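Novice: Okay, handing you the structure first.
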There are 2 protein chains.
Amino acid sequence: MPDAVREALSRQMINHRGPEFAELIASVTRRLKPYFQTSNDLFLLTASGTGALEAAVVNTLSPGDRVLSISIGVFGDRFAEIARAYGADVVSAGFEPGRAADPNVVARLIESSGPFKAVLVTHNETSTGVTNDLASIAEVVRRTEALLLVDAISSVGSIEFKADAWGCDVVLTGSQKGWMVPPGLAMVTVGARAWEAHRTATMPRFYWDFAKCRSYLERGQTPATPAVSVLFAFDAALDLMEREGMASIFARHRRCAERVRQGVKRLGLDLFADEAHASDTVTAVKVPEDMDVSRLLKVLREDGVVLAGGQGAQSGKIFRIGHLGWIDDADVDEILAALTRALPLARRVSAKG
Amino acid sequence: MPDAVREALSRQMINHRGPEFAELIASVTRRLKPYFQTSNDLFLLTASGTGALEAAVVNTLSPGDRVLSISIGVFGDRFAEIARAYGADVVSAGFEPGRAADPNVVARLIESSGPFKAVLVTHNETSTGVTNDLASIAEVVRRTEALLLVDAISSVGSIEFKADAWGCDVVLTGSQKGWMVPPGLAMVTVGARAWEAHRTATMPRFYWDFAKCRSYLERGQTPATPAVSVLFAFDAALDLMEREGMASIFARHRRCAERVRQGVKRLGLDLFADEAHASDTVTAVKVPEDMDVSRLLKVLREDGVVLAGGQGAQSGKIFRIGHLGWIDDADVDEILAALTRALPLARRVSAKG
């Protein structure tokens, strides 16, 4: 987090039912919308991104509703699992790990197994470092009546997102990703078709209820006590982001991601993700046969570089380099240098010596 | 918030799946338990207190379960509303606003309308400034098989709470109350009987699931990304609280509350709450006939003192003085002095001049 954001975090508490807070939430809400390219409602929930996934589901669906889950990894699976927990009838479209969802496969699935009340999709799958071609997927979904609910947790704010042009009905993300802000807030946009679905959706809800969010926001408030300090941080981070400009932010993410990918390959490592859909916010790297990945991560951590291992089915098979938010070429070079130092130390010693 | 807490808030972000975080959450969890006087499990949820109310309900109950709601105000009503939203069959025991729940009435209700799967009760009702006699209510509930789910949002940490001695099955609170920490985290304790209920409870849950909390906590993690900065603040605040000592904290809250009540009465104002059950964390004051309460709050705010109006049915009829967390005699005197200055300015001018 940049200094200005950390400073904002330490601001003295204010009354979340007072005029100062009303100004704060109005400003953050208004200034967030351009990153979603939306004129829809936007709400801040005190929760992590997973809470917003749950909010998207329970506000628009009823038990028994048929839902298509387009999952390309752990976070896509989580979205589907939430819908199932609330009684949705979920059809899963799975794809090979490391690959993006194929819009043609989605189209065929909708034709063969539809109609669906909603389609759940992850824009950028953090667990595999793959960005789905959301524009094409959305185009397929928009030929039907299905709602399009989008997990954009690790994309919005860092890479281009066109909620309205693509026709996304609900889009959600979290404060801790590209925004250079600590975790604690989730943001969700709600369009007209989602509101229409909300009217008749019967999944139980209270904390996540969009209607409550809307009526409180009209008064400059949130239904429950919000994570005020994180909101302070957001306000400061949006200042920085506006100064840099959206186009520059996206270009910087593209450039850093390319630098990571090229650097990793130069080290003789293989990328996990299909390069045509490699994410500009996180890069997954295959763990070579002779490498002890937990040792690699430990050595890196001691060297001041925190990378992540694989999740779920990819545990032990990949490691992941996050490159979103407050990052630039020099940070990438630092990561690559640390990786260069760490790799020889993490090779498994053969049993024979 | 004290300086040490604000400083902790501004700490640089850490990986919430790493060893430093594991140490942090273990420390905060362990050090929170004494304030609940419990050896039960304790989980931190990234949410406000309302989210924890929802968690208490959905983890222990099934749709159709008969539930007794002991409500003495807005927050008690909210607890019941959440249970209803998830399909519980809620019987409401209401009491006169400003009074505590009568344990004898509760006993009779249980006898006449029971058995109940759970009893929902607010320890300290922030909307009316009343503290329920939870020991006596718990004693009545403990004669039955009913679970006791306790909203302790504005009590634990500031006034004495004996979760295990009283036999509370689930107790929940929020970071923004007595802990001198910003909002963003809720804490919930879960006892053996609640775990037993969890096994068969069928209300849908994902984000709030206690079983996920438990299995992640064993690895020093939370299921979803936690509000890390608020946790930093908590760690620092617990240092301060331990230095002061639990008994001293409670004594200070009692002393400040008494000072508020006496001061308010000296100003010729009437207390709203039955004095036998007046809260040591928030005082509700009746608005005199000739007073414009929104003007009063505005004048006070301009004078640097933020008080709250009435909520729900008490809107316009009371105003409330919070006195919990980082507060001492001098702060109380400042509030009373500001009130002394503001009162004459907030009297309604008679239409006749």
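All residue names refer to the structure tokens as shown: chains lettered A, B, ... in order, residues numbered from 1 in each chain, ligands numbered from 1 in order.
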Got a sec to tell me which of range 104-272 of chain A DSSP assigns to helix (DSSP H, G or I), as a VMD selection string?
Specialist: chain A and resid 104 to 113 134 to 141 163 to 166 192 to 200 210 to 217 228 to 244 246 to 266
Novice: Skipping near chain neighbours, those fewer than 6 positions away, what residues fall within 6 Å of range 159-172 of chain B using only C-alpha atoms, listed as a list in words?
Specialist: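 Once the adjacent positions are removed, what remains is Phe36, Gln37, Thr38, Ala135, Ala138, Leu148, Leu149, Val150, Asp151, Ala152, Met187, Val188, Thr189, Val190, Gly191, Ala194 and Phe250 of chain B.
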Novice: Using C-alpha atoms, can you export the residues from the last selection as a short mmCIF file (atom, residue, chain, number, x, y, z; two decimals), in the first residue's frame?
Specialist:
```
data_model
loop_
_atom_site.label_atom_id
_atom_site.label_comp_id
_atom_site.auth_asym_id
_atom_site.auth_seq_id
_atom_site.Cartn_x
_atom_site.Cartn_y
_atom_site.Cartn_z
CA PHE B 36 -16.03 -13.44 27.04
CA GLN B 37 -14.89 -15.59 30.00
CA THR B 38 -15.07 -18.58 27.71
CA ALA B 135 -27.43 -14.08 34.14
CA ALA B 138 -29.75 -17.48 30.95
CA LEU B 148 -28.98 -19.38 24.00
CA LEU B 149 -27.76 -17.06 21.22
CA VAL B 150 -26.54 -13.76 22.60
CA ASP B 151 -25.99 -10.42 20.86
CA ALA B 152 -23.25 -8.91 23.02
CA MET B 187 -16.25 -11.99 16.82
CA VAL B 188 -18.32 -15.01 17.69
CA THR B 189 -17.89 -17.75 20.29
CA VAL B 190 -19.32 -21.20 19.67
CA GLY B 191 -19.91 -23.76 22.41
CA ALA B 194 -24.04 -24.96 19.32
CA PHE B 250 -15.13 -2.47 33.63
#
```
Novice: Tell me, counting only C-alpha atoms, for each residue of chain A within 8 Å of chain B, which pair of atoms is nearest and how far apart they are in Å to one decimal, in rows ordered by chain and increasing number, as JSON lines.
Specialist:
```
{"residue": "A:Met1", "atom": "CA", "partner": "B:Gln12", "partner_atom": "CA", "distance": 6.4}
{"residue": "A:Arg6", "atom": "CA", "partner": "B:Ser10", "partner_atom": "CA", "distance": 4.5}
{"residue": "A:Glu7", "atom": "CA", "partner": "B:Ser10", "partner_atom": "CA", "distance": 6.1}
{"residue": "A:Ala8", "atom": "CA", "partner": "B:Ser10", "partner_atom": "CA", "distance": 7.9}
{"residue": "A:Leu9", "atom": "CA", "partner": "B:Ser10", "partner_atom": "CA", "distance": 5.5}
{"residue": "A:Ser10", "atom": "CA", "partner": "B:Arg6", "partner_atom": "CA", "distance": 4.5}
{"residue": "A:Arg11", "atom": "CA", "partner": "B:Arg6", "partner_atom": "CA", "distance": 7.0}
{"residue": "A:Gln12", "atom": "CA", "partner": "B:Met1", "partner_atom": "CA", "distance": 6.4}
{"residue": "A:Met13", "atom": "CA", "partner": "B:Met1", "partner_atom": "CA", "distance": 6.9}
{"residue": "A:Asn15", "atom": "CA", "partner": "B:Val306", "partner_atom": "CA", "distance": 7.3}
{"residue": "A:Thr46", "atom": "CA", "partner": "B:Ala47", "partner_atom": "CA", "distance": 5.2}
{"residue": "A:Ala47", "atom": "CA", "partner": "B:Ala47", "partner_atom": "CA", "distance": 5.1}
{"residue": "A:Ser48", "atom": "CA", "partner": "B:Thr225", "partner_atom": "CA", "distance": 5.7}
{"residue": "A:Gly49", "atom": "CA", "partner": "B:Thr225", "partner_atom": "CA", "distance": 7.5}
{"residue": "A:Thr50", "atom": "CA", "partner": "B:Ala224", "partner_atom": "CA", "distance": 6.2}
{"residue": "A:Gly51", "atom": "CA", "partner": "B:Tyr207", "partner_atom": "CA", "distance": 5.9}
{"residue": "A:Glu54", "atom": "CA", "partner": "B:Tyr207", "partner_atom": "CA", "distance": 7.2}
{"residue": "A:Ile82", "atom": "CA", "partner": "B:Phe206", "partner_atom": "CA", "distance": 6.1}
{"residue": "A:Ala85", "atom": "CA", "partner": "B:Pro204", "partner_atom": "CA", "distance": 5.7}
{"residue": "A:Tyr86", "atom": "CA", "partner": "B:Pro204", "partner_atom": "CA", "distance": 5.3}
{"residue": "A:Gly87", "atom": "CA", "partner": "B:Pro204", "partner_atom": "CA", "distance": 7.9}
{"residue": "A:Pro182", "atom": "CA", "partner": "B:Ser229", "partner_atom": "CA", "distance": 6.5}
{"residue": "A:Pro183", "atom": "CA", "partner": "B:Ala227", "partner_atom": "CA", "distance": 4.8}
{"residue": "A:Gly184", "atom": "CA", "partner": "B:Ala227", "partner_atom": "CA", "distance": 4.4}
{"residue": "A:Pro204", "atom": "CA", "partner": "B:Tyr86", "partner_atom": "CA", "distance": 5.3}
{"residue": "A:Arg205", "atom": "CA", "partner": "B:Ala85", "partner_atom": "CA", "distance": 6.4}
{"residue": "A:Phe206", "atom": "CA", "partner": "B:Ile82", "partner_atom": "CA", "distance": 6.1}
{"residue": "A:Tyr207", "atom": "CA", "partner": "B:Gly51", "partner_atom": "CA", "distance": 5.8}
{"residue": "A:Ala224", "atom": "CA", "partner": "B:Thr50", "partner_atom": "CA", "distance": 6.3}
{"residue": "A:Thr225", "atom": "CA", "partner": "B:Ser48", "partner_atom": "CA", "distance": 5.7}
{"residue": "A:Pro226", "atom": "CA", "partner": "B:Pro183", "partner_atom": "CA", "distance": 6.2}
{"residue": "A:Ala227", "atom": "CA", "partner": "B:Gly184", "partner_atom": "CA", "distance": 4.4}
{"residue": "A:Val228", "atom": "CA", "partner": "B:Pro183", "partner_atom": "CA", "distance": 6.4}
{"residue": "A:Ser229", "atom": "CA", "partner": "B:Pro182", "partner_atom": "CA", "distance": 6.5}
{"residue": "A:Val306", "atom": "CA", "partner": "B:Asn15", "partner_atom": "CA", "distance": 7.3}
```
Novice: Create the file for the chosen residues now, containing C-alpha atoms and written as a JSON list (two decimals), in the first residue's frame.
Specialist:
```
[["chain", "number", "residue", "atom", "x", "y", "z"],
["A", 1, "MET", "CA", 0.00, 0.00, 0.00],
["A", 6, "ARG", "CA", -1.60, 3.87, 4.95],
["A", 7, "GLU", "CA", -1.93, 7.38, 6.32],
["A", 8, "ALA", "CA", -5.63, 7.45, 5.45],
["A", 9, "LEU", "CA", -6.09, 4.14, 7.25],
["A", 10, "SER", "CA", -4.92, 5.68, 10.49],
["A", 11, "ARG", "CA", -7.48, 8.51, 10.39],
["A", 12, "GLN", "CA", -9.54, 8.97, 13.55],
["A", 13, "MET", "CA", -12.94, 7.24, 13.50],
["A", 15, "ASN", "CA", -19.76, 8.50, 12.98],
["A", 46, "THR", "CA", -18.34, -4.95, 4.71],
["A", 47, "ALA", "CA", -17.05, -8.40, 3.76],
["A", 48, "SER", "CA", -14.44, -10.09, 1.65],
["A", 49, "GLY", "CA", -15.04, -10.96, -1.99],
["A", 50, "THR", "CA", -16.55, -14.32, -1.03],
["A", 51, "GLY", "CA", -19.31, -12.43, 0.77],
["A", 54, "GLU", "CA", -22.90, -14.88, -1.84],
["A", 82, "ILE", "CA", -22.41, -20.96, -2.89],
["A", 85, "ALA", "CA", -25.57, -24.16, -0.74],
["A", 86, "TYR", "CA", -28.62, -21.95, -1.26],
["A", 87, "GLY", "CA", -30.46, -24.57, -3.26],
["A", 182, "PRO", "CA", -6.62, -3.49, 2.66],
["A", 183, "PRO", "CA", -9.24, -6.24, 2.61],
["A", 184, "GLY", "CA", -12.55, -5.59, 4.38],
["A", 204, "PRO", "CA", -33.07, -15.95, 2.24],
["A", 205, "ARG", "CA", -31.06, -12.81, 2.82],
["A", 206, "PHE", "CA", -30.62, -10.05, 5.35],
["A", 207, "TYR", "CA", -27.01, -8.86, 5.65],
["A", 224, "ALA", "CA", -24.87, -2.18, 9.03],
["A", 225, "THR", "CA", -21.75, -0.56, 10.44],
["A", 226, "PRO", "CA", -19.23, -0.33, 7.57],
["A", 227, "ALA", "CA", -15.45, -0.84, 7.63],
["A", 228, "VAL", "CA", -14.88, 2.93, 7.85],
["A", 229, "SER", "CA", -11.05, 2.81, 7.90],
["A", 306, "VAL", "CA", 5.91, -13.42, -0.75]]
```
Novice: Can you list, as a ChimeraX atom specification, every residue of range 127-166 of chain B that DSSP puts in strand (DSSP E)?
Specialist: /B:130-131,147-151
Novice: Which one is closest to Ser112 in chain A: A:Arg320, A:Ala93, A:Gly98, A:Ser279? Count only C-alpha atoms.
Specialist: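 For Ser112 in chain A, the nearest of the given residues is A:Ala93.
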Novice: I need the residue nearest Gly312 in chain A from this list: A:Thr222, A:Ser248, A:Thr126, A:Ser294. Use only C-alpha atoms for the distance.
Specialist: A:Thr126
Novice: Which residues are near Asp331 in chain A? Cut-off 12 Å, only C-alpha atoms, ignore same chain within fewer than 4 positions. Put them as number ranges by chain.
Specialist: A: 252-253, 256-257, 259-260, 304-305, 321-327, 335-338
Novice: Just want the 8 Å neighbourhood of Asp235 in chain B, counted on only C-alpha atoms, with same-chain residues fewer than 2 positions away dropped. Output as a PDB file with C-alpha atoms, in the first residue's frame.
Specialist:
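What ended up in out_5.pdb:
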```pdb
ATOM      1  CA  LEU B  24      -1.522 -12.601  14.521  1.00  0.00           C
ATOM      2  CA  SER B  27      -2.759 -14.102  19.358  1.00  0.00           C
ATOM      3  CA  VAL B  28      -5.917 -12.025  18.896  1.00  0.00           C
ATOM      4  CA  LEU B 231      -6.753  -7.246  13.001  1.00  0.00           C
ATOM      5  CA  PHE B 232      -3.501  -5.255  13.351  1.00  0.00           C
ATOM      6  CA  ALA B 233      -5.513  -2.647  15.243  1.00  0.00           C
ATOM      7  CA  ALA B 237      -5.787  -2.477  21.315  1.00  0.00           C
ATOM      8  CA  LEU B 238      -5.555  -5.738  23.251  1.00  0.00           C
ATOM      9  CA  ASP B 239      -2.074  -4.679  24.407  1.00  0.00           C
TER      10      ASP B 239
END
```
Novice: Go ahead and compute the interatomic distance for CA of Ile153 in chain A and CA of Val58 in chain A, in Å to one decimal.
Specialist: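 Between CA of Ile153 in chain A and CA of Val58 in chain A the gap works out to 17.9 Å.
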Novice: Can you pull out every residue within 10 Å of range 266-278 of chain A, counting only C-alpha atoms, but drop anything in the same chain fewer than 4 positions away, and send it as a ChimeraX atom specification?
Specialist: /A:97-101,124-125,128-133,257-258,260-262,282-288,317-320,336,339-340,343
Novice: Which one of A:Gly76, A:Pro115, A:Gly157, A:Pro103 sits closest to Ala251 in chain A if you count only C-alpha atoms?
Specialist: A:Gly157
